[in-house]
Amino acid sequence: MGDLGEGLSRYHKQGFCSFHTPGHKGRQEFFNDFDFIGFDLTELPGLDMLHSAQGIIAKAQKRSAEIFGAEETFFLINGGTVGNQAMFLTLEDTVDKRVVVERCSHRSVMSALVLSGLKPEYVMPTVHPEFNLPLGFEVEKQRIPWQEVSACHVTYPSYYGTGFKMNSLLEERTRLGVKTPILVDQAHGSHYLGPLFPPNALKLGADLVLHSSHKTLSALTQSAMLHVQGRRVSRTRLRQSLELLQSSSPSYLLLASLERASEFALDFGRWECLRDEVEVLHRKVGMSFRILSQADIGKNGIHTVDWSKILINTSPLGITAPRCVEYLRENCGIEPELWDEENILFMLGIGNTPEDIRRLTKGLESFASFAHSAGFVETKMQVEKERFRIPTLPPLMLSPREAFFAHKRQIPLKESLGHIVGETISPYPPGIPVVVMGEQMTCEVLDALLDAREGRWQGWDGFKNQTIWIVEE
Ligand SMILES: Cc1ncc(COP(=O)(O)O)c(C=O)c1O
């Protein structure tokens, strides 16, 4: 079968209970009558064309638009990633303009800056003091130069399911009477339909909204949707951008899975029974762990909390999150979505069952008893906790695109003051870059990097030998 196939087979046989993407959780019921070999086709007579859809693909996209409340929907076969990239390439009137982006946006947004050549106007998220993660965003505290930007790109909800006051952002645009498009990365909120979840960004009035449909709905991995409404973005340009970025041989398996996922998204009952079990989980283990909950709304820039993302902090038990993950994997067969030193994210999808959540609740209860019996205490972790202070934004000397294509060399970190940095470096958590390629190395950033401890740095090629990539000037 080969190494890759064998690796997949070995993993699958372990039978983990999934609290990660994809949202179908491996359940056959979403793919009944779905002929995986027979449907793996190309653009043949009667099968329409993704880049000029007029037949069966157009019909399926139209139906999805109806379901999610868009004027038009485009199926994507290169994940939410291509949606973020297409959003920026679609923008017109971009000469000498910037685009508002959150400093902790997903890397596909950063790659969209490289592809489009747009310069970023960063806005800062609010880092939650207990979770040490960028869970909030305070619109009122931001200075958005509406007249000087081509668009405002925001992430709603965050990876962890928190949402900011999106309606305040939209109201501000209306109040100022500007036409700036608002582009929303709703990758983690494709399931925002019906009364159980926060309102979706289309309903609130955003212009372009991205869904990574495979994350929480039943679509196959890599399938996503880009929804559009209104006249602030050119549909022609959007079509052209998607054609430029996406494969000329789109997978019909992915496309057909998107069609089905849209219909399943209307089955709110599947989520209702999960919500009830999540409430039980909060009641049973909420005293042992710090769990993000509805009680966090209204604080630290958090306006909505999606109960289907279970974010737990293990600090109250005085034991690290990786130790908890190891315990849950080995003793309970539970696989989370992601974790850091103190937090674990369990992500529910439409394919989870109440039984899965009961298994998670039991696993967490059993881990809490283990931690107590092994004598772990909260205070120990409090002392060891290291909080990273994000330095002031460094001056932007080159756009991410200019920096990406520039000639670069590696130099000793301690000699880098004043140079233009050639890589993007983030401590995780909280995952907010201290420096992005194209920015100048400042004293404050340099001090933070010189103080850096092992194990928490992303994107830093020369961490071990204390070097850094800089742009040749
Ligand atoms: C906020 C956010 N946006 C976009 C993406 C990209 O989506 P995809 O993995 O479907 O390409 C991700 C992926 O994790 C994400 O977290």
# chains A, B, ... in the order shown; residues from 1 in each chain; ligands from 1
>>> closest_atom_pairs(of="chain A", to="ligand 1", cutoff="6 Å", atoms="only C-alpha atoms and all ligand atoms", output="JSON lines")
{"residue": "A:Gly79", "atom": "CA", "partner": "ligand 1", "partner_atom_place_in_ligand_line": "10 (O)", "distance": 3.5}
{"residue": "A:Gly80", "atom": "CA", "partner": "ligand 1", "partner_atom_place_in_ligand_line": "7 (O)", "distance": 3.6}
{"residue": "A:Thr81", "atom": "CA", "partner": "ligand 1", "partner_atom_place_in_ligand_line": "11 (O)", "distance": 3.7}
{"residue": "A:His106", "atom": "CA", "partner": "ligand 1", "partner_atom_place_in_ligand_line": "2 (C)", "distance": 4.9}
{"residue": "A:Tyr159", "atom": "CA", "partner": "ligand 1", "partner_atom_place_in_ligand_line": "16 (O)", "distance": 5.5}
{"residue": "A:Asp185", "atom": "CA", "partner": "ligand 1", "partner_atom_place_in_ligand_line": "3 (N)", "distance": 5.7}
{"residue": "A:Ala187", "atom": "CA", "partner": "ligand 1", "partner_atom_place_in_ligand_line": "3 (N)", "distance": 4.9}
{"residue": "A:Ser212", "atom": "CA", "partner": "ligand 1", "partner_atom_place_in_ligand_line": "10 (O)", "distance": 4.6}
{"residue": "A:Gln222", "atom": "CA", "partner": "ligand 1", "partner_atom_place_in_ligand_line": "10 (O)", "distance": 5.5}
>>> residues_around(residues="Val435 (chain A)", least_positions_apart="3", cutoff="12 Å", atoms="only C-alpha atoms", output="PyMOL selection string")
chain A and resi 103-104+122+390-397+400+419-427+431-432+438-446+448-449+457-460+468-470
>>> select_by_dssp(residues="region 159-227 of chain A", states="alpha helix (DSSP H)", output="ChimeraX atom specification")
/A:166-176,201-204,213-216
>>> residues_around(residues="Asn78 (chain A)", least_positions_apart="5", cutoff="12 Å", atoms="only C-alpha atoms", output="count of residues only")
27
>>> select_by_dssp(residues="region 121-298 of chain A", states="strand (DSSP E)", output="ChimeraX atom specification")
/A:121-123,126-127,134-136,149-155,162-163,182-185,208-211,224-228,290-291
>>> write_last_selection(atoms="N, CA and C atoms", output="short mmCIF file (atom, residue, chain, number, x, y, z; two decimals), in the first residue's frame")
data_model
loop_
_atom_site.label_atom_id
_atom_site.label_comp_id
_atom_site.auth_asym_id
_atom_site.auth_seq_id
_atom_site.Cartn_x
_atom_site.Cartn_y
_atom_site.Cartn_z
N GLU A 121 -2.82 47.18 7.10
CA GLU A 121 -3.03 48.15 8.18
C GLU A 121 -3.51 47.26 9.34
N TYR A 122 -2.59 46.94 10.26
CA TYR A 122 -2.93 45.94 11.26
C TYR A 122 -3.83 46.48 12.37
N VAL A 123 -4.76 45.65 12.78
CA VAL A 123 -5.51 45.94 14.00
C VAL A 123 -5.22 44.80 14.97
N THR A 126 -7.61 41.33 21.21
CA THR A 126 -7.41 41.40 22.66
C THR A 126 -7.04 40.00 23.15
N VAL A 127 -5.93 39.95 23.89
CA VAL A 127 -5.49 38.66 24.41
C VAL A 127 -6.19 38.40 25.74
N PRO A 134 -5.70 35.12 21.67
CA PRO A 134 -6.41 36.29 21.13
C PRO A 134 -7.87 35.96 20.85
N LEU A 135 -8.69 36.05 21.87
CA LEU A 135 -10.10 35.64 21.76
C LEU A 135 -11.02 36.80 21.42
N GLY A 136 -10.56 38.02 21.67
CA GLY A 136 -11.48 39.15 21.50
C GLY A 136 -10.95 40.19 20.53
N VAL A 149 -8.28 52.81 3.05
CA VAL A 149 -8.09 51.36 2.85
C VAL A 149 -9.03 50.82 1.77
N SER A 150 -8.56 49.76 1.10
CA SER A 150 -9.38 49.15 0.03
C SER A 150 -10.43 48.22 0.60
N ALA A 151 -10.17 47.71 1.79
CA ALA A 151 -11.13 46.78 2.42
C ALA A 151 -10.76 46.58 3.87
N CYS A 152 -11.71 46.00 4.58
CA CYS A 152 -11.47 45.67 5.98
C CYS A 152 -11.71 44.16 6.10
N HIS A 153 -10.65 43.42 6.43
CA HIS A 153 -10.77 41.96 6.53
C HIS A 153 -10.77 41.57 8.01
N VAL A 154 -11.74 40.78 8.42
CA VAL A 154 -11.82 40.36 9.82
C VAL A 154 -12.10 38.86 9.92
N THR A 155 -11.75 38.30 11.06
CA THR A 155 -12.00 36.88 11.30
C THR A 155 -13.13 36.75 12.32
N THR A 162 -14.86 32.39 19.43
CA THR A 162 -15.32 33.67 19.97
C THR A 162 -15.56 34.66 18.83
N GLY A 163 -16.59 35.48 18.99
CA GLY A 163 -16.89 36.48 17.98
C GLY A 163 -16.86 37.87 18.59
N ILE A 182 -16.38 44.95 3.48
CA ILE A 182 -16.01 44.21 4.69
C ILE A 182 -15.96 42.73 4.33
N LEU A 183 -14.76 42.16 4.47
CA LEU A 183 -14.51 40.78 4.07
C LEU A 183 -14.36 39.93 5.33
N VAL A 184 -15.09 38.85 5.39
CA VAL A 184 -15.10 38.09 6.64
C VAL A 184 -14.61 36.65 6.44
N ASP A 185 -13.59 36.31 7.22
CA ASP A 185 -13.11 34.94 7.27
C ASP A 185 -13.94 34.22 8.33
N LEU A 208 -18.24 39.90 1.53
CA LEU A 208 -17.71 38.59 1.12
C LEU A 208 -17.52 37.76 2.38
N VAL A 209 -18.00 36.53 2.36
CA VAL A 209 -17.90 35.70 3.57
C VAL A 209 -17.38 34.31 3.18
N LEU A 210 -16.32 33.94 3.87
CA LEU A 210 -15.68 32.66 3.59
C LEU A 210 -16.10 31.59 4.59
N HIS A 211 -16.48 30.42 4.09
CA HIS A 211 -16.76 29.27 4.95
C HIS A 211 -15.77 28.14 4.62
N ALA A 224 -14.72 24.26 0.44
CA ALA A 224 -15.11 25.49 1.14
C ALA A 224 -16.04 26.29 0.25
N MET A 225 -16.55 27.40 0.77
CA MET A 225 -17.45 28.24 -0.03
C MET A 225 -17.11 29.70 0.19
N LEU A 226 -17.30 30.48 -0.87
CA LEU A 226 -17.16 31.92 -0.75
C LEU A 226 -18.50 32.53 -1.15
N HIS A 227 -19.09 33.26 -0.21
CA HIS A 227 -20.41 33.85 -0.42
C HIS A 227 -20.25 35.34 -0.68
N VAL A 228 -21.13 35.86 -1.53
CA VAL A 228 -21.05 37.29 -1.84
C VAL A 228 -22.44 37.91 -1.84
N ARG A 290 -10.78 25.48 33.65
CA ARG A 290 -11.36 26.77 33.24
C ARG A 290 -11.86 26.54 31.82
N ILE A 291 -13.19 26.58 31.63
CA ILE A 291 -13.74 26.35 30.30
C ILE A 291 -14.35 27.64 29.78
#
>>> residues_around(residues="Leu169 (chain A)", least_positions_apart="6", cutoff="12 Å", atoms="only C-alpha atoms", output="number ranges by chain")
A: 137-144, 146, 152-154, 156, 175-176, 180-184, 201, 204-206
>>> atom_distance(atom1="CA of Gly318 (chain A)", atom2="CA of Lys284 (chain A)")
18.6 Å
>>> closest_residue(among="A:Leu89, A:Val82, A:Leu258, A:Ile310", to="Gln240 (chain A)", atoms="only C-alpha atoms")
A:Leu89
>>> atom_distance(atom1="CA of Arg235 (chain A)", atom2="CA of Leu266 (chain A)")
26.8 Å
>>> residues_around(residues="Val280 (chain A)", least_positions_apart="4", cutoff="9 Å", atoms="only C-alpha atoms", output="ChimeraX atom specification")
/A:275-276,284-285,358,361
>>> closest_residue(among="A:Leu360, A:Leu133, A:Met87, A:Val178", to="Leu113 (chain A)", atoms="only C-alpha atoms")
A:Met87
>>> residues_around(residues="Ser262 (chain A)", least_positions_apart="4", cutoff="10 Å", atoms="only C-alpha atoms", output="compact mmCIF listing (two decimals) with N, CA and C atoms, in the first residue's frame")
# COMPACT_ATOMS: atom_id res chain seq x y z
N ALA A 60 -26.26 23.81 -7.95
CA ALA A 60 -25.87 23.47 -6.56
C ALA A 60 -25.40 24.72 -5.82
N GLN A 61 -24.64 25.56 -6.50
CA GLN A 61 -24.16 26.80 -5.86
C GLN A 61 -25.33 27.72 -5.51
N ARG A 63 -28.39 26.82 -4.82
CA ARG A 63 -29.10 26.25 -3.66
C ARG A 63 -28.32 26.59 -2.36
N SER A 64 -27.00 26.47 -2.42
CA SER A 64 -26.21 26.79 -1.22
C SER A 64 -26.36 28.27 -0.87
N ALA A 65 -26.40 29.12 -1.88
CA ALA A 65 -26.58 30.56 -1.63
C ALA A 65 -27.91 30.78 -0.90
N GLU A 66 -28.95 30.08 -1.34
CA GLU A 66 -30.27 30.20 -0.69
C GLU A 66 -30.18 29.78 0.78
N ILE A 67 -29.50 28.65 1.00
CA ILE A 67 -29.42 28.12 2.37
C ILE A 67 -28.67 29.07 3.30
N PHE A 68 -27.54 29.61 2.81
CA PHE A 68 -26.72 30.42 3.71
C PHE A 68 -27.05 31.93 3.65
N SER A 190 -18.92 27.94 9.55
CA SER A 190 -19.77 27.54 8.40
C SER A 190 -21.13 27.05 8.86
N HIS A 191 -21.17 26.61 10.10
CA HIS A 191 -22.41 26.02 10.63
C HIS A 191 -23.32 27.08 11.28
N SER A 213 -16.04 24.90 4.78
CA SER A 213 -17.18 24.00 5.06
C SER A 213 -16.75 22.64 5.60
N LEU A 217 -18.90 21.37 9.02
CA LEU A 217 -20.01 20.72 8.30
C LEU A 217 -19.51 19.39 7.73
N SER A 218 -20.31 18.77 6.87
CA SER A 218 -19.95 17.41 6.45
C SER A 218 -19.17 17.35 5.14
N ALA A 219 -18.76 18.49 4.60
CA ALA A 219 -18.05 18.48 3.31
C ALA A 219 -16.66 17.85 3.46
N SER A 257 -19.71 17.02 -2.43
CA SER A 257 -19.81 16.98 -0.96
C SER A 257 -20.28 18.33 -0.43
N LEU A 258 -19.95 19.41 -1.13
CA LEU A 258 -20.42 20.74 -0.71
C LEU A 258 -21.93 20.85 -0.89
N LEU A 266 -28.92 22.22 7.32
CA LEU A 266 -30.26 22.64 7.76
C LEU A 266 -30.82 21.72 8.84
N ASP A 267 -30.12 20.63 9.10
CA ASP A 267 -30.62 19.66 10.08
C ASP A 267 -30.18 20.11 11.49
>>> atom_distance(atom1="CA of Ile350 (chain A)", atom2="CA of Trp307 (chain A)")
13.1 Å
>>> closest_residue(among="A:Arg329, A:Lys59, A:Arg270, A:Lys179", to="Leu348 (chain A)", atoms="only C-alpha atoms")
A:Arg270
>>> residues_around(residues="Val114 (chain A)", least_positions_apart="2", cutoff="9 Å", atoms="only C-alpha atoms", output="MDAnalysis selection string")
chainID A and resid 109:112 116:119 399:405
>>> write_last_selection(atoms="N, CA and C atoms", output="short mmCIF file (atom, residue, chain, number, x, y, z; two decimals), in the first residue's frame")
data_model
loop_
_atom_site.label_atom_id
_atom_site.label_comp_id
_atom_site.auth_asym_id
_atom_site.auth_seq_id
_atom_site.Cartn_x
_atom_site.Cartn_y
_atom_site.Cartn_z
N VAL A 109 -4.31 34.58 5.01
CA VAL A 109 -4.52 36.03 4.85
C VAL A 109 -3.17 36.68 4.59
N MET A 110 -2.15 36.19 5.29
CA MET A 110 -0.80 36.72 5.07
C MET A 110 -0.35 36.38 3.64
N SER A 111 -0.70 35.17 3.18
CA SER A 111 -0.30 34.82 1.80
C SER A 111 -1.09 35.65 0.80
N ALA A 112 -2.31 36.04 1.16
CA ALA A 112 -3.11 36.90 0.28
C ALA A 112 -2.44 38.27 0.14
N SER A 116 -1.35 39.60 -3.49
CA SER A 116 -2.01 40.81 -3.99
C SER A 116 -1.07 42.01 -3.99
N GLY A 117 -0.03 41.98 -3.16
CA GLY A 117 0.86 43.14 -3.05
C GLY A 117 0.29 44.23 -2.15
N LEU A 118 -0.87 43.99 -1.57
CA LEU A 118 -1.49 45.01 -0.70
C LEU A 118 -0.68 45.19 0.58
N LYS A 119 -0.67 46.41 1.07
CA LYS A 119 0.00 46.66 2.34
C LYS A 119 -1.00 46.52 3.47
N SER A 399 6.18 46.00 1.67
CA SER A 399 4.96 45.20 1.77
C SER A 399 5.38 43.74 1.92
N PRO A 400 4.49 42.88 2.46
CA PRO A 400 4.85 41.46 2.55
C PRO A 400 5.27 40.89 1.20
N ARG A 401 4.66 41.37 0.10
CA ARG A 401 5.05 40.87 -1.23
C ARG A 401 6.49 41.28 -1.58
N GLU A 402 6.79 42.56 -1.35
CA GLU A 402 8.15 43.02 -1.66
C GLU A 402 9.17 42.24 -0.82
N ALA A 403 8.84 42.04 0.45
CA ALA A 403 9.77 41.33 1.33
C ALA A 403 9.90 39.87 0.92
N PHE A 404 8.80 39.28 0.48
CA PHE A 404 8.81 37.87 0.09
C PHE A 404 9.77 37.64 -1.09
N PHE A 405 9.72 38.56 -2.07
CA PHE A 405 10.52 38.37 -3.28
C PHE A 405 11.93 38.99 -3.18
#
>>> closest_atom_pairs(of="region 309-417 of chain A", to="region 16-20 of chain A", cutoff="7 Å", atoms="only C-alpha atoms", output="CSV")
residue,atom,partner,partner_atom,distance
A:Gly333,CA,A:Phe16,CA,4.8
A:Ile334,CA,A:Cys17,CA,5.0
A:Glu335,CA,A:Ser18,CA,5.4
A:Pro336,CA,A:Phe19,CA,4.8
A:Glu337,CA,A:His20,CA,4.1
A:Phe346,CA,A:Phe19,CA,4.9
A:Met347,CA,A:Phe19,CA,4.8
A:Leu348,CA,A:Phe19,CA,5.6
A:Asp356,CA,A:Cys17,CA,6.7
